[in-house]
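Asks: Supplied structure: model13.cif, mmCIF, C-alpha atoms.
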```
data_entry
#
loop_
_atom_site.label_atom_id
_atom_site.label_comp_id
_atom_site.auth_asym_id
_atom_site.auth_seq_id
_atom_site.Cartn_x
_atom_site.Cartn_y
_atom_site.Cartn_z
CA MET A 1 45.64 160.23 92.17
CA GLN A 2 48.14 158.72 89.74
CA THR A 3 51.72 158.22 90.76
CA VAL A 4 54.83 157.47 88.75
CA LYS A 5 58.36 157.05 89.90
CA MET A 6 61.92 157.45 88.78
CA VAL A 7 64.96 156.01 90.46
CA VAL A 8 68.21 157.84 91.09
CA THR A 9 71.04 155.38 91.55
CA GLY A 10 74.81 155.33 91.54
CA PRO A 11 77.78 154.50 93.73
CA PHE A 12 78.39 155.66 97.27
CA SER A 13 78.67 159.46 97.54
CA ALA A 14 77.80 160.08 93.89
CA GLY A 15 75.30 162.81 94.83
CA LYS A 16 71.97 161.01 94.70
CA THR A 17 70.53 162.57 97.83
CA GLU A 18 71.58 166.06 96.71
CA PHE A 19 70.07 165.43 93.28
CA ILE A 20 66.66 164.61 94.74
CA ARG A 21 66.89 167.37 97.32
CA SER A 22 67.42 169.95 94.54
CA VAL A 23 64.02 169.39 92.94
CA SER A 24 61.83 167.77 95.56
CA GLU A 25 58.98 169.90 96.84
CA ILE A 26 59.12 168.15 100.17
CA ASP A 27 62.09 167.75 102.41
CA VAL A 28 63.71 164.57 101.20
CA VAL A 29 62.76 161.70 103.42
CA SER A 30 66.26 160.43 103.85
CA THR A 31 67.27 157.44 105.89
CA GLU A 32 70.86 158.43 106.40
CA ARG A 33 73.05 156.86 109.00
CA LYS A 34 76.52 157.58 110.20
CA VAL A 35 79.12 155.85 108.05
CA THR A 36 80.80 153.05 109.92
CA SER A 37 83.69 152.27 107.59
CA ALA A 38 86.79 154.42 108.12
CA SER A 39 87.56 154.65 104.40
CA GLU A 40 84.02 155.69 103.56
CA ARG A 41 83.91 158.10 106.48
CA SER A 42 86.79 159.97 104.90
CA ILE A 43 84.46 160.70 101.96
CA LYS A 44 81.32 161.62 103.89
CA GLU A 45 79.94 161.32 107.37
CA ALA A 46 76.46 159.95 106.66
CA THR A 47 75.15 157.64 103.96
CA THR A 48 71.76 156.49 102.74
CA VAL A 49 71.06 153.02 104.04
CA ALA A 50 67.57 152.38 102.71
CA MET A 51 66.41 155.05 100.30
CA ASP A 52 65.78 158.73 99.73
CA PHE A 53 62.31 159.77 98.83
CA GLY A 54 61.36 163.00 97.05
CA ARG A 55 58.15 164.23 95.46
CA ILE A 56 57.11 166.53 92.63
CA THR A 57 53.39 167.22 92.27
CA VAL A 58 52.58 167.54 88.57
CA ASP A 59 48.90 168.46 88.95
CA GLU A 60 45.99 167.41 91.08
CA ASP A 61 45.94 163.97 89.44
CA LEU A 62 49.58 163.13 89.04
CA VAL A 63 52.59 162.92 91.34
CA LEU A 64 56.17 162.00 90.47
CA TYR A 65 58.18 160.24 93.12
CA LEU A 66 61.94 160.18 93.08
CA PHE A 67 63.67 157.34 94.85
CA GLY A 68 67.35 157.37 95.63
CA THR A 69 69.01 154.03 96.15
CA PRO A 70 71.50 153.28 98.87
CA GLY A 71 74.95 153.64 97.36
CA GLN A 72 76.77 150.98 99.27
CA ARG A 73 76.90 147.55 97.70
CA ARG A 74 75.88 145.78 100.87
CA PHE A 75 72.42 147.32 100.57
CA ASP A 76 71.91 146.20 97.00
CA PHE A 77 69.11 143.87 98.07
CA MET A 78 66.98 147.06 97.96
CA TRP A 79 67.69 147.77 94.32
CA GLU A 80 65.33 145.27 92.75
CA ILE A 81 62.53 146.41 95.02
CA LEU A 82 63.12 150.05 94.15
CA SER A 83 63.37 149.38 90.43
CA GLU A 84 59.87 147.86 90.24
CA GLY A 85 57.57 149.96 88.10
CA MET A 86 60.00 152.80 87.47
CA LEU A 87 59.53 154.98 84.39
CA GLY A 88 63.25 155.34 84.02
CA PHE A 89 66.37 155.89 86.03
CA VAL A 90 69.30 158.23 86.46
CA VAL A 91 72.77 156.84 87.16
CA MET A 92 74.79 159.39 89.10
CA VAL A 93 78.55 159.22 88.72
CA ASP A 94 80.98 161.35 90.68
CA SER A 95 83.24 162.75 87.93
CA THR A 96 86.03 163.38 90.42
CA ARG A 97 86.22 159.81 91.78
CA PRO A 98 87.37 157.50 88.98
CA GLU A 99 87.59 154.66 91.47
CA THR A 100 83.77 154.55 91.42
CA PHE A 101 83.34 154.37 87.62
CA ARG A 102 83.55 150.59 87.45
CA GLU A 103 80.92 150.27 90.14
CA ALA A 104 78.73 152.83 88.35
CA ARG A 105 78.92 150.69 85.23
CA SER A 106 77.99 147.62 87.22
CA ILE A 107 75.04 149.40 88.87
CA LEU A 108 73.85 150.62 85.48
CA GLU A 109 73.92 147.08 84.09
CA THR A 110 72.14 145.72 87.13
CA PHE A 111 69.32 148.25 86.95
CA HIS A 112 68.97 147.85 83.24
CA ALA A 113 68.66 144.10 83.80
CA TYR A 114 65.96 144.63 86.44
CA ALA A 115 63.94 146.89 84.15
CA PRO A 116 65.01 147.78 80.60
CA THR A 117 63.64 151.30 80.88
CA PRO A 118 65.31 154.43 79.52
CA TYR A 119 68.09 155.94 81.59
CA VAL A 120 70.47 158.87 81.66
CA VAL A 121 73.98 158.87 83.10
CA ALA A 122 74.67 162.08 85.02
CA ALA A 123 78.34 163.03 85.32
CA ASN A 124 78.06 164.83 88.63
CA LYS A 125 80.44 167.40 90.16
CA GLN A 126 81.53 168.72 86.78
CA ASP A 127 82.09 172.08 88.45
CA ILE A 128 85.04 170.66 90.40
CA LYS A 129 88.57 171.06 89.03
CA ASP A 130 89.46 167.37 89.19
CA ALA A 131 86.40 166.26 87.24
CA TRP A 132 87.10 163.92 84.33
CA ASP A 133 86.14 164.98 80.83
CA ILE A 134 82.75 163.72 79.70
CA ASP A 135 84.33 162.03 76.66
CA ASP A 136 86.89 160.21 78.81
CA MET A 137 84.13 159.08 81.13
CA ARG A 138 82.14 157.76 78.21
CA HIS A 139 85.09 155.62 77.12
CA VAL A 140 85.77 154.30 80.59
CA LEU A 141 82.12 153.66 81.42
CA ARG A 142 81.86 151.86 78.06
CA LEU A 143 78.78 153.84 77.09
CA ASP A 144 77.49 153.60 73.58
CA SER A 145 77.25 156.93 71.79
CA LYS A 146 73.45 156.60 71.93
CA VAL A 147 73.47 156.56 75.72
CA LYS A 148 72.86 159.98 77.20
CA LEU A 149 75.80 160.99 79.37
CA LYS A 150 75.20 164.51 80.62
CA SER A 151 77.14 166.95 82.72
CA CYS A 152 75.50 167.55 86.08
CA ILE A 153 75.81 169.55 89.28
CA ALA A 154 73.44 167.85 91.70
CA THR A 155 73.20 170.89 93.96
CA ASN A 156 72.00 173.07 91.08
CA ARG A 157 68.28 172.87 90.39
CA ASP A 158 68.57 173.80 86.70
CA SER A 159 71.18 171.14 86.16
CA VAL A 160 69.01 168.51 87.84
CA LYS A 161 65.99 169.65 85.84
CA ALA A 162 68.00 169.21 82.64
CA ILE A 163 68.84 165.63 83.56
CA LEU A 164 65.23 164.78 84.42
CA LEU A 165 64.05 166.35 81.17
CA GLU A 166 66.59 164.31 79.19
CA LEU A 167 65.23 161.19 80.83
CA LEU A 168 61.64 162.16 80.05
CA TYR A 169 62.55 162.91 76.42
CA SER A 170 64.08 159.44 76.19
CA ILE A 171 60.96 157.88 77.70
CA LEU A 172 58.75 159.76 75.27
CA SER A 173 60.98 158.89 72.34
CA GLU A 174 60.93 155.20 73.26
CA MET A 175 57.13 155.26 73.48
CA GLU A 176 56.89 156.85 70.05
CA ASN A 177 59.38 154.42 68.56
CA GLY A 178 57.45 151.53 70.08
CA GLU A 179 54.37 152.59 68.19
CA LYS A 180 56.12 152.47 64.79
CA MET B 1 91.32 167.78 82.95
CA ALA B 2 92.69 165.20 85.32
CA LEU B 3 93.20 161.69 84.08
CA SER B 4 94.43 160.02 87.20
CA GLY B 5 93.31 157.35 89.59
CA ASN B 6 94.02 154.02 91.18
CA LEU B 7 94.88 150.76 89.42
CA ARG B 8 92.53 148.91 91.73
CA ASP B 9 89.71 150.70 89.95
CA PHE B 10 91.21 151.12 86.47
CA THR B 11 93.23 148.41 84.90
CA ILE B 12 96.13 149.09 82.59
CA THR B 13 94.04 147.59 79.80
CA GLN B 14 91.26 150.08 80.37
CA LEU B 15 93.76 152.91 80.35
CA LEU B 16 95.32 151.69 77.10
CA ASN B 17 91.88 151.39 75.61
CA LEU B 18 91.04 154.92 76.61
CA ILE B 19 94.33 156.27 75.23
CA ASN B 20 93.82 154.32 72.02
CA LEU B 21 90.20 155.38 71.49
CA ALA B 22 90.87 159.00 72.34
CA SER B 23 94.13 159.03 70.29
CA LYS B 24 95.87 160.67 73.20
CA THR B 25 99.39 162.08 73.19
CA GLY B 26 101.25 162.24 76.46
CA THR B 27 102.89 160.20 79.17
CA LEU B 28 101.19 157.77 81.52
CA THR B 29 103.01 157.46 84.83
CA VAL B 30 102.15 154.39 86.88
CA GLU B 31 103.41 154.18 90.44
CA GLY B 32 103.39 150.52 91.41
CA PRO B 33 104.14 149.07 94.82
CA SER B 34 107.91 148.97 94.24
CA GLU B 35 108.64 150.72 90.97
CA THR B 36 107.37 153.42 88.69
CA ALA B 37 106.75 153.12 84.97
CA GLU B 38 106.49 155.89 82.43
CA VAL B 39 104.82 155.07 79.14
CA ALA B 40 104.58 157.62 76.37
CA PHE B 41 101.99 157.66 73.61
CA ARG B 42 101.70 159.65 70.43
CA ASP B 43 98.27 159.89 68.78
CA GLY B 44 97.08 156.86 70.72
CA LYS B 45 100.06 154.69 69.76
CA LEU B 46 102.78 153.41 72.04
CA ALA B 47 105.91 155.53 71.63
CA TYR B 48 108.17 154.74 74.57
CA ALA B 49 108.24 152.92 77.91
CA GLN B 50 110.59 153.01 80.83
CA ILE B 51 110.74 151.52 84.31
CA ASP B 52 112.45 154.05 86.52
CA GLN B 53 114.97 151.75 88.23
CA GLU B 54 116.04 150.03 85.04
CA ASP B 55 118.46 151.01 82.34
CA GLY B 56 116.26 151.54 79.33
CA ARG B 57 118.91 152.99 77.08
CA LEU B 58 119.42 151.51 73.64
CA ALA B 59 122.73 149.81 74.47
CA SER B 60 121.20 148.00 77.42
CA VAL B 61 118.13 146.95 75.40
CA LEU B 62 120.29 145.56 72.59
CA TYR B 63 122.58 143.77 75.03
CA LYS B 64 119.68 142.12 76.86
CA ALA B 65 118.28 141.04 73.47
CA LYS B 66 121.70 139.56 72.62
CA LYS B 67 122.04 141.85 69.61
CA ILE B 68 125.37 143.13 70.83
CA SER B 69 128.00 141.20 72.74
CA SER B 70 129.12 141.78 76.28
CA GLY B 71 132.36 143.29 74.97
CA GLN B 72 130.53 145.65 72.62
CA TYR B 73 128.20 146.68 75.43
CA LYS B 74 131.14 147.47 77.72
CA SER B 75 132.87 149.41 74.96
CA ILE B 76 129.75 151.48 74.35
CA GLN B 77 129.36 152.16 78.07
CA GLN B 78 132.98 153.22 78.41
CA GLY B 79 133.52 155.04 75.17
CA ALA B 80 130.13 156.25 74.11
CA ALA B 81 128.17 156.71 77.31
CA HIS B 82 127.67 160.40 76.56
CA ILE B 83 126.04 159.97 73.15
CA SER B 84 122.31 159.80 72.71
CA ASP B 85 120.36 156.70 71.74
CA LYS B 86 119.65 158.21 68.35
CA GLU B 87 123.33 158.83 67.73
CA LEU B 88 124.23 155.34 68.93
CA GLY B 89 121.59 153.85 66.66
CA LEU B 90 123.02 155.70 63.65
CA LEU B 91 126.55 154.59 64.55
CA LEU B 92 125.51 150.94 64.75
CA ILE B 93 123.61 151.15 61.46
CA ASN B 94 126.44 152.96 59.68
CA ALA B 95 128.98 150.47 61.04
CA GLY B 96 126.85 147.65 59.62
CA TYR B 97 126.24 145.97 62.98
CA LEU B 98 122.50 146.32 62.90
CA SER B 99 119.76 147.49 60.59
CA GLN B 100 117.25 150.18 61.46
CA GLU B 101 114.60 147.45 61.53
CA ASP B 102 116.64 145.47 64.08
CA ILE B 103 116.84 148.45 66.38
CA LEU B 104 113.17 149.37 66.11
CA THR B 105 112.03 145.76 66.52
CA ASN B 106 114.11 145.32 69.67
CA LEU B 107 112.88 148.57 71.14
CA GLN B 108 109.30 147.58 70.37
CA GLN B 109 109.82 144.26 72.12
CA HIS B 110 111.37 146.02 75.10
CA PHE B 111 108.50 148.51 75.38
CA THR B 112 105.92 145.76 74.89
CA GLY B 113 107.60 143.76 77.66
CA ILE B 114 107.20 146.69 80.03
CA ILE B 115 103.50 146.97 79.18
CA GLN B 116 103.08 143.23 79.78
CA ARG B 117 104.67 143.66 83.18
CA LEU B 118 102.26 146.49 83.91
CA PHE B 119 99.34 144.14 83.31
CA THR B 120 100.35 142.29 86.46
CA TRP B 121 100.17 145.44 88.57
CA VAL B 122 96.83 145.55 90.33
CA GLU B 123 97.74 148.21 92.85
CA GLY B 124 99.19 151.65 92.38
CA PHE B 125 98.37 155.10 91.16
CA PHE B 126 98.40 156.45 87.63
CA HIS B 127 98.49 159.88 86.11
CA PHE B 128 98.38 160.92 82.47
CA GLU B 129 100.23 164.07 81.49
CA ASN B 130 98.93 165.39 78.19
CA ASP B 131 101.51 166.18 75.48
CA LEU B 132 104.47 165.10 77.59
CA LEU B 133 106.79 163.00 75.39
CA PRO B 134 110.14 161.28 76.03
CA PRO B 135 113.34 163.30 75.63
CA ASP B 136 114.43 163.95 72.05
CA ASN B 137 117.60 161.89 72.48
CA ARG B 138 115.59 158.68 72.98
CA ILE B 139 114.29 156.63 70.09
CA SER B 140 110.53 156.31 70.05
CA VAL B 141 108.42 153.84 68.12
CA ARG B 142 104.90 153.89 66.79
CA LEU B 143 103.12 150.74 67.90
CA ASP B 144 99.38 150.08 67.64
CA LEU B 145 97.84 149.28 71.01
CA GLU B 146 95.19 146.85 69.82
CA ASN B 147 97.21 143.66 70.30
CA LEU B 148 98.38 144.77 73.71
CA ILE B 149 94.82 145.58 74.68
CA ILE B 150 93.66 142.12 73.58
CA GLU B 151 96.32 140.49 75.72
CA GLY B 152 95.51 142.72 78.65
CA SER B 153 91.84 141.99 78.15
CA ARG B 154 92.45 138.29 78.73
CA GLN B 155 93.87 139.12 82.12
CA MET B 156 91.09 141.61 82.75
CA ARG B 157 88.47 139.01 81.91
CA GLU B 158 89.88 136.80 84.61
CA TRP B 159 89.81 139.73 87.01
CA GLU B 160 86.23 140.60 86.06
CA GLN B 161 85.09 137.01 86.34
CA LEU B 162 86.64 136.86 89.77
CA GLN B 163 84.90 140.09 90.69
CA ASP B 164 81.59 138.68 89.51
CA GLU B 165 82.12 135.56 91.57
CA ILE B 166 83.39 137.48 94.58
CA PRO B 167 81.88 140.95 94.25
CA SER B 168 82.86 142.16 97.68
CA LEU B 169 85.86 141.49 99.85
CA ASP B 170 83.84 142.67 102.82
CA MET B 171 81.99 139.36 102.94
CA ALA B 172 83.10 136.55 105.21
CA LEU B 173 83.89 132.91 104.46
CA LYS B 174 82.85 129.74 106.16
CA PHE B 175 83.48 126.07 105.56
CA THR B 176 80.67 124.25 103.81
CA ASP B 177 78.61 121.99 105.95
CA ARG B 178 79.73 118.74 104.33
CA PRO B 179 80.40 116.02 106.86
CA GLY B 180 82.20 113.98 104.20
CA ALA B 181 84.74 116.64 103.36
CA ASN B 182 88.04 116.28 105.11
CA LEU B 183 90.44 119.13 104.48
CA ARG B 184 93.45 116.96 105.28
CA ASN B 185 92.73 114.83 102.25
CA VAL B 186 92.48 117.79 99.94
CA ASN B 187 95.53 118.77 97.96
CA LEU B 188 96.00 122.45 98.66
CA SER B 189 98.91 124.72 97.83
CA VAL B 190 100.82 126.55 100.53
CA GLU B 191 99.02 129.78 99.62
CA GLU B 192 95.64 128.06 99.82
CA TRP B 193 96.48 126.61 103.21
CA ARG B 194 97.42 130.06 104.46
CA VAL B 195 94.00 131.36 103.42
CA VAL B 196 92.22 128.31 104.83
CA SER B 197 93.79 128.93 108.21
CA TYR B 198 92.01 132.29 108.45
CA ILE B 199 88.57 131.17 107.28
CA ASN B 200 86.04 132.17 109.86
CA PRO B 201 82.62 133.88 109.55
CA ARG B 202 84.01 136.68 111.70
CA ASN B 203 86.82 137.52 109.24
CA THR B 204 86.14 139.40 106.04
CA ILE B 205 87.94 138.28 102.89
CA ARG B 206 89.76 141.62 102.98
CA GLN B 207 91.05 140.83 106.45
CA VAL B 208 92.20 137.41 105.30
CA ALA B 209 94.01 139.05 102.38
CA SER B 210 95.67 141.49 104.72
CA ALA B 211 96.74 138.74 107.12
CA THR B 212 98.17 136.63 104.29
CA LYS B 213 99.70 139.66 102.52
CA MET B 214 97.84 139.02 99.29
CA ASN B 215 96.52 141.59 96.87
CA ASP B 216 92.90 141.62 95.66
CA LEU B 217 93.62 139.52 92.60
CA GLU B 218 95.55 136.86 94.51
CA ILE B 219 92.97 136.48 97.29
CA ARG B 220 90.12 136.35 94.79
CA ARG B 221 91.90 133.64 92.78
CA ILE B 222 92.38 131.48 95.85
CA VAL B 223 88.92 132.06 97.29
CA TYR B 224 87.42 131.31 93.89
CA GLY B 225 89.34 128.03 93.72
CA LEU B 226 88.18 127.03 97.18
CA LEU B 227 84.61 127.97 96.29
CA GLN B 228 84.75 125.90 93.12
CA ALA B 229 86.10 122.96 95.08
CA GLY B 230 83.05 123.25 97.33
CA LEU B 231 85.17 123.66 100.43
CA ILE B 232 83.96 127.08 101.46
CA GLU B 233 80.97 129.38 101.09
CA ILE B 234 80.63 133.13 101.12
CA THR B 235 78.55 134.39 103.99
CA ARG B 236 77.42 137.78 105.25
CA LEU B 237 78.96 139.25 108.34
CA GLU B 238 75.69 140.86 109.31
CA GLY B 239 72.04 140.29 108.37
CA ALA B 240 70.02 142.86 106.50
CA SER B 241 66.36 143.68 106.50
CA THR B 242 64.13 144.61 103.59
CA SER B 243 61.33 147.11 103.35
CA THR B 244 58.25 147.46 101.19
CA PRO B 245 58.29 149.73 98.15
CA MET B 246 55.97 152.72 98.37
CA VAL B 247 55.20 153.03 94.67
CA ARG B 248 55.24 150.27 92.11
CA VAL B 249 52.95 150.80 89.12
CA PHE B 250 52.75 152.73 85.87
CA PRO B 251 49.22 154.07 86.30
CA THR B 252 47.74 153.43 82.89
CA GLU B 253 47.98 150.89 80.07
CA ASP B 254 46.66 153.27 77.42
CA LYS B 255 49.54 154.44 75.20
CA GLU B 256 48.05 157.87 74.52
CA GLU B 257 47.46 158.43 78.20
CA GLN B 258 51.01 157.37 78.92
CA LYS B 259 52.36 159.90 76.41
CA SER B 260 50.12 162.58 77.83
CA LEU B 261 51.37 161.74 81.29
CA VAL B 262 55.01 162.04 80.21
CA ASN B 263 54.29 165.36 78.50
CA ARG B 264 52.67 166.64 81.69
CA LEU B 265 55.77 165.57 83.58
CA ILE B 266 57.96 167.42 81.08
CA ASP B 267 55.90 170.59 81.43
CA ARG B 268 56.05 170.37 85.20
CA ILE B 269 59.80 169.82 85.36
CA ARG B 270 60.36 172.74 82.97
CA SER B 271 58.30 174.99 85.20
CA LEU B 272 60.22 174.15 88.37
#
```
Show me the file's structure as structure tokens.
Replies:
Amino acid sequence: MQTVKMVVTGPFSAGKTEFIRSVSEIDVVSTERKVTSASERSIKEATTVAMDFGRITVDEDLVLYLFGTPGQRRFDFMWEILSEGMLGFVVMVDSTRPETFREARSILETFHAYAPTPYVVAANKQDIKDAWDIDDMRHVLRLDSKVKLKSCIATNRDSVKAILLELLYSILSEMENGEK
Amino acid sequence: MALSGNLRDFTITQLLNLINLASKTGTLTVEGPSETAEVAFRDGKLAYAQIDQEDGRLASVLYKAKKISSGQYKSIQQGAAHISDKELGLLLINAGYLSQEDILTNLQQHFTGIIQRLFTWVEGFFHFENDLLPPDNRISVRLDLENLIIEGSRQMREWEQLQDEIPSLDMALKFTDRPGANLRNVNLSVEEWRVVSYINPRNTIRQVASATKMNDLEIRRIVYGLLQAGLIEITRLEGASTSTPMVRVFPTEDKEEQKSLVNRLIDRIRSL
């Protein structure tokens, strides 16, 4: 049995667990704990402290694992471990919480430094009224026009599929370019 | 769509950069701790700026810039308080007191000064209202933002460097274990002494900032200085454990097999 993995990362409450839950064929193995900080508790009650773990069986020989990183900075010691051997990664950004954009940028840079694999930035919660425009987010996140920044609704399976496919297209494209 | 947020997360420089790059037209309202600023832009260029508690009318700007005398300023206030800035500008030009260039240059300097003050605001909320421009009776300018952004960037670099050095204010501080170091012989400022008095592994930097009534930038500056001097160290409040990764390898080295694998993944995701 061959296994490959992708990592879903992003700031606290960006929607990583929901993203994995939308496509995983198993119940996401989630190590959520009650939030202890009052400010964070106002955003959500539980947070991922170690990692989320989802699975998609491709065929009898191949399985894709999806790992969600803990969003809070104090658990960032896990990031390097999780980034080992990943095919690529998705950076989730909550489009309605501009206060997290700087951290999203920092997480993106950190993961890219750990492993320079392809990645896609998913602008989550685009269905919510207060969501920032994708173009504004691109400016603020300082993303080059070549970087894929895609609209996303983590609770919607089709939307999550689209993000994963974009990442796979990037991986394939990079492999083909590497051969030239 | 909403363009609003908190200055702790978005600096004024970043906002100016966004407005410049997106060639936005509208008014940016920034609510600082004690005052509110309104800055208008047209096609990504600075058009107007005003701090709510201050008199930003043309007469006041020219008086502060010493372009009109105290007597002239009083006369304008008494006799021409009802006329608009545009009308006043025309009167002054026609009377030969000032040229159009004088007026525009002084307004530009005034607006630029307000932006420079905004660079020092690290706390507050902002909101950008698309297509909202200053009243017609005010004189607006058309000033490129690039130079302002460069200046703001210098301050932002300091902020970012400090954030790199001190990424989290939820960490604690402790004195370095250096028997030779004697704090009494170190020349510290009053502000530094205030911070030093709260250094304890049980206090987070945020708590020290709160106790000393410092904002994020101020506490980071002081902590950074103390770190550089080797007097203190950053320490964790709590320990953390690690776990073993479950998956770690790309299963094959063969390029064709790798491509085949990715294509199988694509087919599978499509079929979900």
Asks: Pick the closest to Thr29 of chain B from B:Glu129, B:Glu257, B:Glu54, B:Glu123: which is it, counting all atoms listed in the file?
Replies: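 Closest candidate: B:Glu129.
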Asks: Using all atoms listed in the file, collect all residues at a distance of at most 12 Å from (68.3, 172.6, 82.7) as written in the file, then present them as a list in words.
Replies: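 Returned residue set, sorted by chain then number, is Val23, Lys150, Ser151, Cys152, Ile153, Ala154, Asn156, Arg157, Asp158, Ser159, Val160, Lys161, Ala162, Ile163, Leu164, Leu165, Glu166 and Leu167 of chain A; Ile266, Ile269, Arg270, Ser271 and Leu272 of chain B.
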Asks: Using only C-alpha atoms, can you list as a list in words the residues within 12 Å of (54.8, 150.8, 71.9)?
Replies: Ile171, Leu172, Ser173, Glu174, Met175, Glu176, Asn177, Gly178, Glu179 and Lys180 of chain A; Glu253, Asp254, Lys255, Glu256, Gln258 and Lys259 of chain B
Asks: Rounded to one decimal place, report the atom CA of Pro201 of chain B-atom CA of Thr176 of chain B distance in Å.
Replies: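 One can read the atom CA of Pro201 of chain B to atom CA of Thr176 of chain B distance as 11.4 Å.
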Asks: For the file shown, report as a ChimeraX atom specification the outcome of the PyMOL selection byres ((chain A) within 9 of (chain B)) at residue level.
Replies: /A:2-5,23,50,56-59,62-65,73-75,77-78,81-87,96-103,129-133,135-136,139-140,157-158,161-162,164-165,168-169,171-172,175-176,179
Asks: Selection from above, C-alpha atoms, as a compact mmCIF listing (two decimals), keeping the file's coordinate frame, can you write it?
Replies:
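Okay, part-v3.txt is ready:
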```txt
# COMPACT_ATOMS: atom_id res chain seq x y z
CA GLN A 2 48.14 158.72 89.74
CA THR A 3 51.72 158.22 90.76
CA VAL A 4 54.83 157.47 88.75
CA LYS A 5 58.36 157.05 89.90
CA VAL A 23 64.02 169.39 92.94
CA ALA A 50 67.57 152.38 102.71
CA ILE A 56 57.11 166.53 92.63
CA THR A 57 53.39 167.22 92.27
CA VAL A 58 52.58 167.54 88.57
CA ASP A 59 48.90 168.46 88.95
CA LEU A 62 49.58 163.13 89.04
CA VAL A 63 52.59 162.92 91.34
CA LEU A 64 56.17 162.00 90.47
CA TYR A 65 58.18 160.24 93.12
CA ARG A 73 76.90 147.55 97.70
CA ARG A 74 75.88 145.78 100.87
CA PHE A 75 72.42 147.32 100.57
CA PHE A 77 69.11 143.87 98.07
CA MET A 78 66.98 147.06 97.96
CA ILE A 81 62.53 146.41 95.02
CA LEU A 82 63.12 150.05 94.15
CA SER A 83 63.37 149.38 90.43
CA GLU A 84 59.87 147.86 90.24
CA GLY A 85 57.57 149.96 88.10
CA MET A 86 60.00 152.80 87.47
CA LEU A 87 59.53 154.98 84.39
CA THR A 96 86.03 163.38 90.42
CA ARG A 97 86.22 159.81 91.78
CA PRO A 98 87.37 157.50 88.98
CA GLU A 99 87.59 154.66 91.47
CA THR A 100 83.77 154.55 91.42
CA PHE A 101 83.34 154.37 87.62
CA ARG A 102 83.55 150.59 87.45
CA GLU A 103 80.92 150.27 90.14
CA LYS A 129 88.57 171.06 89.03
CA ASP A 130 89.46 167.37 89.19
CA ALA A 131 86.40 166.26 87.24
CA TRP A 132 87.10 163.92 84.33
CA ASP A 133 86.14 164.98 80.83
CA ASP A 135 84.33 162.03 76.66
CA ASP A 136 86.89 160.21 78.81
CA HIS A 139 85.09 155.62 77.12
CA VAL A 140 85.77 154.30 80.59
CA ARG A 157 68.28 172.87 90.39
CA ASP A 158 68.57 173.80 86.70
CA LYS A 161 65.99 169.65 85.84
CA ALA A 162 68.00 169.21 82.64
CA LEU A 164 65.23 164.78 84.42
CA LEU A 165 64.05 166.35 81.17
CA LEU A 168 61.64 162.16 80.05
CA TYR A 169 62.55 162.91 76.42
CA ILE A 171 60.96 157.88 77.70
CA LEU A 172 58.75 159.76 75.27
CA MET A 175 57.13 155.26 73.48
CA GLU A 176 56.89 156.85 70.05
CA GLU A 179 54.37 152.59 68.19
```
Asks: Let me make sure I understand: among B:Ser84, B:Tyr48, B:Gln228, B:Thr13, which one has the smallest atom-to-atom distance to Glu165 of chain B if we use only C-alpha atoms?
Replies: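 Among the listed residues, B:Gln228 lies closest to Glu165 of chain B.
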Asks: Report as number ranges by chain the full result of the PyMOL selection byres ((chain B and resi 156) around 12) when it is applied to this structure.
Replies: B: 7-15, 119-122, 149-155, 157-163, 217
Asks: Output C-alpha atoms for every residue in the selection just made, as a PDB file, in the coordinates of the input.
Replies:
```
ATOM      1  CA  LEU B   7      94.880 150.760  89.420  1.00  0.00           C
ATOM      2  CA  ARG B   8      92.530 148.910  91.730  1.00  0.00           C
ATOM      3  CA  ASP B   9      89.710 150.700  89.950  1.00  0.00           C
ATOM      4  CA  PHE B  10      91.210 151.120  86.470  1.00  0.00           C
ATOM      5  CA  THR B  11      93.230 148.410  84.900  1.00  0.00           C
ATOM      6  CA  ILE B  12      96.130 149.090  82.590  1.00  0.00           C
ATOM      7  CA  THR B  13      94.040 147.590  79.800  1.00  0.00           C
ATOM      8  CA  GLN B  14      91.260 150.080  80.370  1.00  0.00           C
ATOM      9  CA  LEU B  15      93.760 152.910  80.350  1.00  0.00           C
ATOM     10  CA  PHE B 119      99.340 144.140  83.310  1.00  0.00           C
ATOM     11  CA  THR B 120     100.350 142.290  86.460  1.00  0.00           C
ATOM     12  CA  TRP B 121     100.170 145.440  88.570  1.00  0.00           C
ATOM     13  CA  VAL B 122      96.830 145.550  90.330  1.00  0.00           C
ATOM     14  CA  ILE B 149      94.820 145.580  74.680  1.00  0.00           C
ATOM     15  CA  ILE B 150      93.660 142.120  73.580  1.00  0.00           C
ATOM     16  CA  GLU B 151      96.320 140.490  75.720  1.00  0.00           C
ATOM     17  CA  GLY B 152      95.510 142.720  78.650  1.00  0.00           C
ATOM     18  CA  SER B 153      91.840 141.990  78.150  1.00  0.00           C
ATOM     19  CA  ARG B 154      92.450 138.290  78.730  1.00  0.00           C
ATOM     20  CA  GLN B 155      93.870 139.120  82.120  1.00  0.00           C
ATOM     21  CA  ARG B 157      88.470 139.010  81.910  1.00  0.00           C
ATOM     22  CA  GLU B 158      89.880 136.800  84.610  1.00  0.00           C
ATOM     23  CA  TRP B 159      89.810 139.730  87.010  1.00  0.00           C
ATOM     24  CA  GLU B 160      86.230 140.600  86.060  1.00  0.00           C
ATOM     25  CA  GLN B 161      85.090 137.010  86.340  1.00  0.00           C
ATOM     26  CA  LEU B 162      86.640 136.860  89.770  1.00  0.00           C
ATOM     27  CA  GLN B 163      84.900 140.090  90.690  1.00  0.00           C
ATOM     28  CA  LEU B 217      93.620 139.520  92.600  1.00  0.00           C
TER      29      LEU B 217
END
```
